[in-house]
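S.K.: One file: upload-v4.txt (compact mmCIF, C-alpha atoms).
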```txt
# COMPACT_ATOMS: atom_id res chain seq x y z
CA GLN A 3 0.00 0.00 0.00
CA GLU A 4 2.88 2.34 0.81
CA SER A 5 4.59 1.66 -2.56
CA GLY A 6 1.29 2.25 -4.35
CA SER A 7 0.96 5.65 -2.74
CA VAL A 8 4.52 6.47 -3.80
CA THR A 9 3.98 5.65 -7.47
CA SER A 10 0.63 7.44 -7.61
CA ARG A 11 1.93 10.58 -5.94
CA ARG A 12 1.80 13.69 -8.11
CA VAL A 13 5.26 14.87 -9.15
CA ASP A 14 6.20 18.49 -8.59
CA ARG A 15 9.61 20.07 -8.70
CA ALA A 16 9.41 21.36 -5.16
CA GLY A 17 8.82 18.24 -3.11
CA TRP A 18 9.43 14.99 -4.99
CA SER A 19 12.30 12.59 -4.34
CA PRO A 20 14.08 11.29 -7.47
CA PRO A 21 15.60 8.23 -5.75
CA THR A 22 12.19 7.17 -4.46
CA LEU A 23 10.58 7.62 -7.88
CA LEU A 24 13.32 5.69 -9.67
CA VAL A 25 13.23 2.80 -7.19
CA ALA A 26 9.43 2.58 -7.41
CA SER A 27 9.45 2.68 -11.22
CA LEU A 28 12.15 0.05 -11.58
CA ARG A 29 10.50 -2.18 -8.97
CA ARG A 30 7.25 -2.02 -10.91
CA MET A 31 9.13 -2.87 -14.13
CA HIS A 32 10.99 -5.79 -12.56
CA GLY A 33 7.96 -7.12 -10.67
CA GLU A 34 8.39 -10.35 -8.80
CA VAL A 35 11.79 -11.01 -10.42
CA ALA A 36 13.39 -8.20 -8.47
CA ARG A 37 12.31 -9.77 -5.17
CA ARG A 38 13.88 -13.11 -6.05
CA ASN A 39 17.09 -12.01 -7.75
CA PRO A 40 19.71 -10.28 -5.55
CA VAL A 41 21.52 -8.95 -8.63
CA LEU A 42 18.49 -6.87 -9.55
CA ILE A 43 18.22 -5.57 -6.02
CA LEU A 44 21.88 -4.56 -6.27
CA GLU A 45 21.06 -2.79 -9.52
CA LEU A 46 18.27 -0.84 -7.82
CA LEU A 47 20.70 0.28 -5.13
CA VAL A 48 23.32 1.32 -7.69
CA LEU A 49 20.81 3.30 -9.75
CA ALA A 50 19.32 4.89 -6.64
CA THR A 51 22.80 5.93 -5.52
CA LEU A 52 23.52 7.38 -8.96
CA VAL A 53 20.30 9.38 -9.01
CA THR A 54 20.88 10.60 -5.45
CA PHE A 55 24.35 11.81 -6.42
CA CYS A 56 22.92 13.67 -9.42
CA TRP A 57 20.19 15.12 -7.21
CA LEU A 58 22.78 16.50 -4.79
CA MET A 59 24.90 17.89 -7.63
CA ALA A 60 21.85 19.66 -9.10
CA ARG A 61 21.35 21.46 -5.78
CA SER A 62 24.99 22.28 -5.13
CA THR A 63 27.04 25.36 -5.89
CA TYR A 64 28.88 23.48 -8.64
CA LEU A 65 25.86 23.72 -10.95
CA ARG A 66 25.62 27.48 -10.42
CA ALA A 67 29.36 27.88 -11.03
CA ASP A 68 29.29 26.12 -14.43
CA PRO A 69 25.69 25.18 -15.36
CA GLN A 70 26.52 24.00 -18.90
CA LEU A 71 29.29 21.59 -17.89
CA ILE A 72 27.66 20.23 -14.73
CA GLY A 73 24.23 20.03 -16.38
CA THR A 74 25.65 17.98 -19.25
CA ALA A 75 27.48 15.71 -16.78
CA ILE A 76 24.26 15.13 -14.83
CA MET A 77 22.35 14.24 -18.01
CA VAL A 78 25.11 11.87 -19.14
CA ASP A 79 25.12 10.11 -15.75
CA LEU A 80 21.33 9.75 -15.72
CA THR A 81 21.24 8.31 -19.24
CA PHE A 82 24.46 6.68 -20.46
CA THR A 83 25.86 5.68 -17.06
CA ALA A 84 22.50 4.45 -15.80
CA ALA A 85 21.92 2.49 -19.02
CA LEU A 86 25.40 0.92 -18.76
CA CYS A 87 24.74 -0.16 -15.16
CA HIS A 88 21.39 -1.60 -16.15
CA TRP A 89 22.94 -3.47 -19.06
CA LEU A 90 25.68 -5.04 -16.93
CA LEU A 91 23.57 -5.83 -13.84
CA GLY A 92 20.00 -6.10 -15.08
CA VAL A 93 20.40 -7.56 -18.55
CA ARG A 94 23.65 -9.53 -18.54
CA LEU A 95 23.52 -10.79 -14.93
CA GLY A 96 19.85 -10.35 -14.00
CA GLY A 97 18.28 -11.91 -17.08
CA LEU A 98 16.08 -8.98 -18.06
CA GLY A 99 15.25 -8.30 -21.70
CA ARG A 100 17.24 -5.80 -23.72
CA TRP A 101 14.08 -3.80 -24.33
CA THR A 102 14.24 -2.67 -20.68
CA LEU A 103 17.04 -0.29 -21.69
CA VAL A 104 14.40 1.92 -23.31
CA PRO A 105 12.40 2.72 -20.12
CA VAL A 106 15.64 3.20 -18.16
CA LEU A 107 16.86 5.75 -20.70
CA ALA A 108 13.45 7.43 -20.81
CA MET A 109 13.34 7.72 -17.02
CA GLY A 110 16.86 9.13 -17.01
CA LEU A 111 15.85 11.84 -19.49
CA ALA A 112 12.68 12.66 -17.54
CA ILE A 113 14.48 12.84 -14.19
CA GLY A 114 17.26 14.98 -15.65
CA ARG A 115 14.71 17.32 -17.15
CA ALA A 116 12.99 17.67 -13.77
CA LEU A 117 16.20 18.05 -11.75
CA LEU A 118 17.88 20.75 -13.80
CA PRO A 119 16.65 24.35 -13.62
CA GLY A 120 14.77 25.66 -16.61
CA ASP A 121 17.59 27.93 -17.80
CA VAL A 122 19.92 24.91 -17.91
CA ALA A 123 17.49 22.34 -19.31
CA ASN A 124 16.45 24.64 -22.16
CA THR A 125 19.98 25.43 -23.45
CA GLY A 126 19.95 22.52 -25.89
CA THR A 127 21.62 19.94 -23.63
CA PHE A 128 18.44 17.90 -23.33
CA SER A 129 17.93 17.79 -27.10
CA LEU A 130 21.55 16.87 -27.78
CA ILE A 131 21.46 14.05 -25.23
CA ALA A 132 18.18 12.75 -26.71
CA VAL A 133 19.63 12.70 -30.24
CA ALA A 134 22.82 11.03 -29.02
CA LEU A 135 20.74 8.39 -27.24
CA VAL A 136 18.87 7.55 -30.44
CA GLU A 137 22.16 7.17 -32.35
CA CYS A 138 23.79 5.10 -29.58
CA PHE A 139 20.70 2.92 -29.17
CA ALA A 140 20.77 2.08 -32.88
CA LEU A 141 24.50 1.32 -32.68
CA LEU A 142 24.12 -0.83 -29.57
CA MET A 143 21.22 -2.79 -31.05
CA ALA A 144 23.36 -3.53 -34.11
CA ILE A 145 26.30 -4.59 -31.90
CA PHE A 146 24.14 -6.80 -29.67
CA ASN A 147 22.71 -8.57 -32.73
CA ILE A 148 25.87 -8.55 -34.84
CA ARG A 149 25.82 -12.30 -35.46
CA LYS A 150 22.18 -12.38 -36.54
CA LEU A 151 22.75 -9.25 -38.60
CA ALA A 152 25.81 -10.67 -40.38
CA ARG A 153 23.99 -13.95 -41.09
CA ALA A 154 20.96 -12.13 -42.51
CA VAL A 155 23.18 -9.89 -44.66
CA ARG A 156 24.97 -12.92 -46.12
CA VAL A 157 21.65 -14.59 -46.94
CA ALA A 158 20.33 -11.41 -48.63
CA CYS A 159 23.55 -10.96 -50.62
CA ARG A 160 23.33 -14.54 -51.88
CA ALA A 161 19.76 -13.80 -52.99
CA GLY A 162 21.10 -11.04 -55.25
CA ASP A 163 20.70 -7.88 -53.15
CA ASN A 164 23.51 -5.34 -52.91
CA ALA A 165 25.18 -4.78 -49.54
CA PHE A 166 22.96 -1.90 -48.41
CA ASP A 167 19.72 -3.57 -49.50
CA ALA A 168 20.89 -6.68 -47.67
CA LEU A 169 21.62 -4.61 -44.56
CA GLU A 170 18.14 -3.07 -44.68
CA SER A 171 16.54 -6.50 -45.07
CA ALA A 172 18.56 -7.83 -42.13
CA LEU A 173 17.66 -4.86 -39.92
CA LEU A 174 14.00 -5.18 -40.88
CA ALA A 175 14.10 -8.85 -39.86
CA LEU A 176 15.41 -7.78 -36.43
CA ALA A 177 12.99 -4.86 -36.05
CA PRO A 178 9.91 -5.57 -38.22
CA SER A 179 7.77 -3.07 -36.33
CA ALA A 180 10.07 -0.10 -37.05
CA PRO A 181 10.41 0.21 -40.85
CA ARG A 182 11.08 3.96 -40.77
CA PHE A 183 13.83 3.56 -38.19
CA VAL A 184 15.36 0.78 -40.32
CA SER A 185 15.21 2.99 -43.41
CA TYR A 186 16.91 5.83 -41.54
CA ALA A 187 19.64 3.50 -40.22
CA ARG A 188 20.29 2.13 -43.72
CA PHE A 189 20.47 5.67 -45.12
CA GLU A 190 22.97 6.76 -42.45
CA VAL A 191 25.22 3.75 -43.05
CA GLN A 192 25.08 4.20 -46.82
CA ILE A 193 25.76 7.95 -46.73
CA TRP A 194 28.77 7.61 -44.42
CA THR A 195 30.14 4.67 -46.40
CA MET A 196 29.75 6.44 -49.74
CA CYS A 197 31.25 9.66 -48.39
CA PHE A 198 34.58 7.96 -47.68
CA ALA A 199 34.60 4.82 -49.85
CA GLY A 200 32.46 5.95 -52.79
CA TRP A 201 35.36 7.82 -54.40
CA PHE A 202 37.01 4.46 -55.15
CA MET A 203 33.90 2.67 -56.44
CA SER A 204 32.92 2.26 -60.10
CA PRO A 205 29.36 2.96 -61.27
CA ARG A 206 26.98 0.03 -60.81
CA PRO A 207 25.84 -1.29 -63.19
CA ALA A 208 28.48 -0.44 -65.78
CA ASN A 209 27.60 1.62 -68.83
CA GLY A 210 25.31 -0.16 -71.29
CA PRO A 211 22.16 0.29 -73.37
CA GLY A 212 19.95 -0.62 -70.41
CA VAL A 213 21.59 1.74 -67.87
CA PHE A 214 20.06 5.13 -67.07
CA THR A 215 21.18 8.04 -64.88
CA HIS A 216 19.17 10.74 -63.11
CA HIS A 217 21.52 13.59 -62.15
CA LYS A 218 22.10 15.45 -65.45
CA GLN A 219 18.54 16.73 -65.85
CA ALA A 220 18.64 18.04 -62.28
CA HIS A 221 22.18 19.49 -62.59
CA TRP A 222 22.74 17.86 -59.23
CA PHE A 223 26.54 17.72 -59.29
CA THR A 224 26.70 21.47 -59.97
CA LEU A 225 24.26 22.17 -57.15
CA VAL A 226 26.25 19.99 -54.75
CA GLY A 227 29.40 21.95 -55.61
CA VAL A 228 27.59 25.22 -54.83
CA PHE A 229 26.22 23.84 -51.55
CA VAL A 230 29.66 22.55 -50.49
CA PHE A 231 31.21 25.96 -51.21
CA LEU A 232 28.50 27.75 -49.21
CA VAL A 233 28.72 25.35 -46.26
CA ALA A 234 32.52 25.56 -46.15
CA VAL A 235 32.80 29.37 -46.50
CA GLU A 236 29.83 30.32 -44.36
CA GLY A 237 30.74 27.65 -41.82
CA VAL A 238 34.22 29.13 -41.32
CA LEU A 239 32.84 32.68 -41.11
CA ALA A 240 30.13 31.69 -38.61
CA HIS A 241 32.67 29.71 -36.56
CA CYS A 242 34.95 32.76 -36.32
CA LEU A 243 32.05 35.07 -35.50
CA LEU A 244 30.72 32.84 -32.71
CA ASP A 245 34.24 32.43 -31.35
CA ALA A 246 34.75 36.20 -31.30
CA TYR A 247 31.64 36.61 -29.12
CA HIS A 248 32.63 33.64 -26.92
CA PHE A 249 29.68 31.44 -27.82
CA THR A 250 31.75 28.30 -27.35
CA THR A 251 28.94 25.74 -27.26
CA ALA A 252 27.11 27.27 -30.23
CA LYS A 253 30.40 27.41 -32.14
CA TRP A 254 31.05 23.69 -31.85
CA ILE A 255 27.41 22.74 -32.43
CA PHE A 256 27.44 24.77 -35.65
CA ALA A 257 30.76 23.19 -36.66
CA ALA A 258 29.36 19.70 -36.08
CA CYS A 259 26.25 20.50 -38.13
CA SER A 260 28.39 21.88 -40.96
CA GLY A 261 30.57 18.77 -40.92
CA TYR A 262 27.54 16.50 -41.06
CA ALA A 263 26.11 18.54 -43.94
CA LEU A 264 29.34 18.01 -45.89
CA VAL A 265 29.24 14.28 -45.16
CA TRP A 266 25.65 14.14 -46.39
CA LEU A 267 26.41 16.10 -49.57
CA PHE A 268 29.50 14.08 -50.51
CA GLY A 269 27.84 10.79 -49.57
CA ASP A 270 24.72 11.58 -51.59
CA LEU A 271 26.86 12.74 -54.53
CA GLN A 272 28.81 9.49 -54.63
CA ALA A 273 25.69 7.36 -54.11
CA VAL A 274 23.99 9.04 -57.09
CA ARG A 275 27.13 8.55 -59.20
CA VAL A 276 27.62 4.89 -58.27
CA TYR A 277 24.08 3.47 -58.04
CA ARG A 278 22.08 3.86 -61.25
CA SER A 279 18.89 2.51 -62.77
CA SER A 280 18.92 -0.45 -65.12
CA LEU A 281 16.51 -2.25 -67.43
CA GLY A 282 16.78 -5.99 -67.86
CA GLU A 283 14.78 -8.54 -69.79
CA ARG A 284 12.27 -9.08 -67.00
CA SER A 285 12.62 -6.20 -64.55
CA LEU A 286 13.26 -2.49 -64.33
CA VAL A 287 15.32 -1.37 -61.33
CA LEU A 288 14.85 2.32 -60.56
CA ARG A 289 17.47 3.58 -58.12
CA ILE A 290 18.50 7.16 -57.38
CA GLY A 291 21.54 6.85 -55.13
CA ALA A 292 20.45 6.45 -51.51
CA ARG A 293 17.13 8.28 -52.06
CA GLY A 294 15.14 5.12 -52.73
CA HIS A 295 14.64 2.27 -55.14
CA ALA A 296 11.97 0.16 -56.79
CA THR A 297 12.18 -3.17 -58.61
CA ILE A 298 9.42 -3.28 -61.23
CA PRO A 299 8.55 -6.38 -63.28
CA VAL A 300 8.42 -5.31 -66.93
CA HIS A 301 5.09 -7.06 -67.47
CA SER A 302 3.57 -4.88 -64.70
CA VAL A 303 4.09 -1.67 -66.70
CA ALA A 304 0.81 -0.60 -68.29
CA SER A 305 2.00 2.65 -69.89
CA VAL A 306 4.91 5.07 -70.08
CA GLU A 307 4.42 8.76 -70.80
CA LEU A 308 6.81 11.64 -71.36
CA GLY A 309 6.07 15.13 -70.13
CA THR A 310 6.69 17.46 -67.21
CA TRP A 311 5.31 16.97 -63.70
CA ASP A 312 6.31 18.97 -60.63
CA LYS A 313 3.66 17.71 -58.20
CA PRO A 314 2.19 14.22 -57.77
CA GLY A 315 -1.52 13.77 -58.30
CA ALA A 316 -3.90 11.21 -56.86
CA ASP A 317 -2.34 7.74 -56.58
CA GLU A 318 0.97 9.12 -57.88
CA GLU A 319 4.38 9.12 -56.22
CA LEU A 320 7.15 11.59 -57.07
CA PHE A 321 10.58 9.92 -57.31
CA VAL A 322 13.11 12.50 -58.50
CA LEU A 323 16.55 13.71 -57.50
CA PHE A 324 15.79 17.42 -57.75
CA GLY A 325 13.33 19.42 -59.81
CA LYS A 326 10.57 18.08 -62.06
CA ALA A 327 9.75 14.59 -63.31
CA ASN A 328 9.81 13.87 -67.03
CA VAL A 329 8.59 10.25 -67.13
CA LYS A 330 5.33 8.82 -65.82
CA LEU A 331 4.98 5.07 -65.32
CA THR A 332 1.58 3.46 -64.77
CA PHE A 333 1.27 -0.13 -63.55
CA HIS A 334 -1.34 -2.86 -63.85
CA GLU A 335 -1.07 -3.62 -60.13
CA PRO A 336 0.60 -1.80 -57.22
CA ILE A 337 4.36 -2.23 -57.09
CA ALA A 338 6.66 -1.97 -54.05
CA TYR A 339 8.54 1.30 -53.74
CA LYS A 340 11.09 2.03 -50.98
CA PRO A 341 11.83 5.73 -50.48
CA ALA A 342 14.44 6.95 -48.01
CA PHE A 343 13.29 7.64 -44.43
CA ARG A 344 10.02 5.79 -45.00
CA GLY A 345 8.93 2.21 -45.06
CA GLU A 346 7.97 0.29 -48.15
CA LYS A 347 4.79 1.48 -49.85
CA SER A 348 2.70 0.37 -52.81
CA VAL A 349 2.15 2.73 -55.75
CA ARG A 350 0.19 2.52 -59.00
CA MET A 351 1.81 5.48 -60.77
CA LEU A 352 5.39 6.69 -60.45
CA LEU A 353 6.73 10.05 -61.62
CA THR A 354 10.47 9.87 -62.10
CA GLN A 355 13.33 11.77 -63.69
CA ILE A 356 15.49 10.20 -66.44
CA ASP A 357 18.43 11.92 -68.14
CA ASP A 358 17.52 10.46 -71.55
CA PRO A 359 13.73 9.94 -71.45
CA GLU A 360 13.37 9.15 -75.16
CA ARG A 361 15.91 6.32 -75.01
CA PHE A 362 14.31 5.08 -71.79
CA LYS A 363 10.89 4.94 -73.42
CA ARG A 364 12.21 3.12 -76.49
CA ALA A 365 14.07 0.57 -74.38
CA LEU A 366 11.10 -0.08 -72.10
CA SER A 367 8.76 -0.31 -75.09
CA ALA A 368 11.05 -2.86 -76.75
CA ALA A 369 11.34 -4.87 -73.54
CA ARG A 370 7.59 -5.09 -73.02
CA GLY A 371 6.41 -5.10 -76.60
CA PHE A 372 4.75 -1.68 -76.77
CA VAL A 373 3.12 -0.77 -80.07
CA ARG A 374 5.12 1.91 -81.90
CA GLY A 375 3.52 5.31 -81.35
CA ASP A 376 1.18 4.04 -78.62
CA ASP A 377 2.00 4.09 -74.93
CA HIS A 378 -0.36 1.24 -74.06
CA LEU A 379 0.16 -2.46 -74.33
CA ALA A 380 -1.02 -4.24 -77.40
```
Now, as a test, write the supplied structure out as structure tokens.
M.R.:
Amino acid sequence: QESGSVTSRRVDRAGWSPPTLLVASLRRMHGEVARRNPVLILELLVLATLVTFCWLMARSTYLRADPQLIGTAIMVDLTFTAALCHWLLGVRLGGLGRWTLVPVLAMGLAIGRALLPGDVANTGTFSLIAVALVECFALLMAIFNIRKLARAVRVACRAGDNAFDALESALLALAPSAPRFVSYARFEVQIWTMCFAGWFMSPRPANGPGVFTHHKQAHWFTLVGVFVFLVAVEGVLAHCLLDAYHFTTAKWIFAACSGYALVWLFGDLQAVRVYRSSLGERSLVLRIGARGHATIPVHSVASVELGTWDKPGADEELFVLFGKANVKLTFHEPIAYKPAFRGEKSVRMLLTQIDDPERFKRALSAARGFVRGDDHLA
């Protein structure tokens, strides 16, 4: 009855006790297991001690002396350190599931947000820690399942997928309920890989009558050069300006964002150069770098039209690098389309951008047996 009153107590910043709240929350999560396993009881004591230490630091003169440094340290202890303790004691030794890391991290963020004063919590530390947690959680999940992931990648590669498609399939097998997260993880891995390794890779597939590119119509390489110049020049100027006014934290945050923008631009540039669309005897593979891809059986194509489209209509999907589409594909039945940052979706009409649309139409017409001068099947 006493523990029930503790967990149901309203939380206010003036009179609540973080150690009591954390112990009650973890005890509810562990349930009967915590009463039988001494390792989990030890974990509760360790986490309670950690939260108590952070609570005392948040009310000490150290936080007022350097709120940015001490506030960041408190948030790191309540999230990363607490999660590490839970992983070692609760998961590895206590037998709890790995999913329990999520509520521990969430409680650490919530407690840190409540402990720190508003002027400290709203300086961006909370947002940075939250973003870092998402990145680290994705990395840790991949490390924890590295054997399953490697096995699934090998199976997908043997089935004919490229390395990044195989990675996405393997991640989707491990996390079938999070297709958008899987798509984002695949995009991040591909962009970073292409940024550093793409310079040494040849275009895939090699040049041939059935290979089509997408960047010339959009003038994408020229635009990337302009963006890189602007990011580099303005980034240096902004860095010097923020340093002159002693905005140290903002200076390094802006530098990190500029560096990531350069990685994205170079990675996307190399992905567009290396990965191209191709037309085979039985299938059309549309691929624009890391932006997305679709494998379309040739017999599923009902019509192909040339024109100019800048916005998708009803039942249409826009799949371009930059600018307007110049080819419209209509299908007999919905086909699977995988755009970046989103899960797989089914579409009946696809608006895309081809550098040589006339040659593309002739090749697709010949592959499917289109009647000369008519876009529809005979």
S.K.: What is the atom CA of A:Ala368-atom CA of A:His334 distance in Å, reported with one decimal?
M.R.: 17.9 Å
S.K.: Could you tell me how far atom CA of A:Ser302 lies from atom CA of A:Ala369, in Å and to one decimal?
M.R.: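 The value is 11.8 Å.
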S.K.: What gap, in Å, lies between atom CA of A:Gln355 and atom CA of A:Leu331?
M.R.: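 For atom CA of A:Gln355 relative to atom CA of A:Leu331, the distance reads 10.8 Å.
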S.K.: Quick one: residues within 7 Å of stretch 81-97 of chain A, all atoms listed in the file, excluding same-chain residues fewer than 4 positions away - as a list in words?
M.R.: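 Once the nearby chain positions are removed, what remains is Val41, Leu42, Glu45, Leu49, Met77, Leu103, Val106, Leu107, Gly110 and Leu111 of chain A.
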S.K.: Calculated over all atoms listed in the file, which of the candidates A:Arg370, A:Arg364, A:Arg350, A:Arg293 has the smallest distance to A:Ser185?
M.R.: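 Using all atoms listed in the file, the shortest distance to A:Ser185 belongs to A:Arg293.
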S.K.: Name the closest residue to A:Arg156 among the candidates A:Ser204, A:Ala168, A:His295, A:Gly210; distances are taken between atoms, counting only C-alpha atoms.
M.R.: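 Closest to A:Arg156 of all the choices is A:Ala168.
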S.K.: For stretch 162-173 of chain A, which lacks atoms in the input, supply N, CA, C and O atoms and format the output as a CSV table (one decimal), in the coordinates of the input.
M.R.:
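For reference, part.csv as written:
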```csv
chain,number,residue,atom,x,y,z
A,162,GLY,N,20.9,-12.0,-54.2
A,162,GLY,CA,21.1,-11.0,-55.2
A,162,GLY,C,21.0,-9.6,-54.8
A,162,GLY,O,21.2,-8.7,-55.7
A,163,ASP,N,20.8,-9.3,-53.6
A,163,ASP,CA,20.7,-7.9,-53.2
A,163,ASP,C,22.1,-7.3,-53.0
A,163,ASP,O,23.1,-8.0,-52.8
A,164,ASN,N,22.2,-6.0,-53.2
A,164,ASN,CA,23.5,-5.3,-52.9
A,164,ASN,C,23.7,-5.2,-51.4
A,164,ASN,O,22.8,-5.5,-50.6
A,165,ALA,N,24.8,-4.8,-51.0
A,165,ALA,CA,25.2,-4.8,-49.5
A,165,ALA,C,24.2,-3.9,-48.7
A,165,ALA,O,23.8,-4.4,-47.6
A,166,PHE,N,23.8,-2.8,-49.2
A,166,PHE,CA,23.0,-1.9,-48.4
A,166,PHE,C,21.5,-2.4,-48.4
A,166,PHE,O,20.8,-2.3,-47.4
A,167,ASP,N,21.0,-2.9,-49.5
A,167,ASP,CA,19.7,-3.6,-49.5
A,167,ASP,C,19.7,-4.8,-48.6
A,167,ASP,O,18.7,-5.0,-47.9
A,168,ALA,N,20.8,-5.5,-48.6
A,168,ALA,CA,20.9,-6.7,-47.7
A,168,ALA,C,20.9,-6.2,-46.2
A,168,ALA,O,20.3,-6.9,-45.3
A,169,LEU,N,21.6,-5.1,-45.9
A,169,LEU,CA,21.6,-4.6,-44.6
A,169,LEU,C,20.2,-4.2,-44.1
A,169,LEU,O,19.8,-4.5,-43.0
A,170,GLU,N,19.5,-3.5,-45.0
A,170,GLU,CA,18.1,-3.1,-44.7
A,170,GLU,C,17.2,-4.3,-44.4
A,170,GLU,O,16.4,-4.3,-43.5
A,171,SER,N,17.4,-5.3,-45.3
A,171,SER,CA,16.5,-6.5,-45.1
A,171,SER,C,16.9,-7.2,-43.7
A,171,SER,O,16.0,-7.6,-43.0
A,172,ALA,N,18.2,-7.2,-43.4
A,172,ALA,CA,18.6,-7.8,-42.1
A,172,ALA,C,18.0,-7.0,-40.9
A,172,ALA,O,17.6,-7.6,-40.0
A,173,LEU,N,18.2,-5.7,-41.0
A,173,LEU,CA,17.7,-4.9,-39.9
A,173,LEU,C,16.1,-5.0,-39.8
A,173,LEU,O,15.6,-5.0,-38.7
```
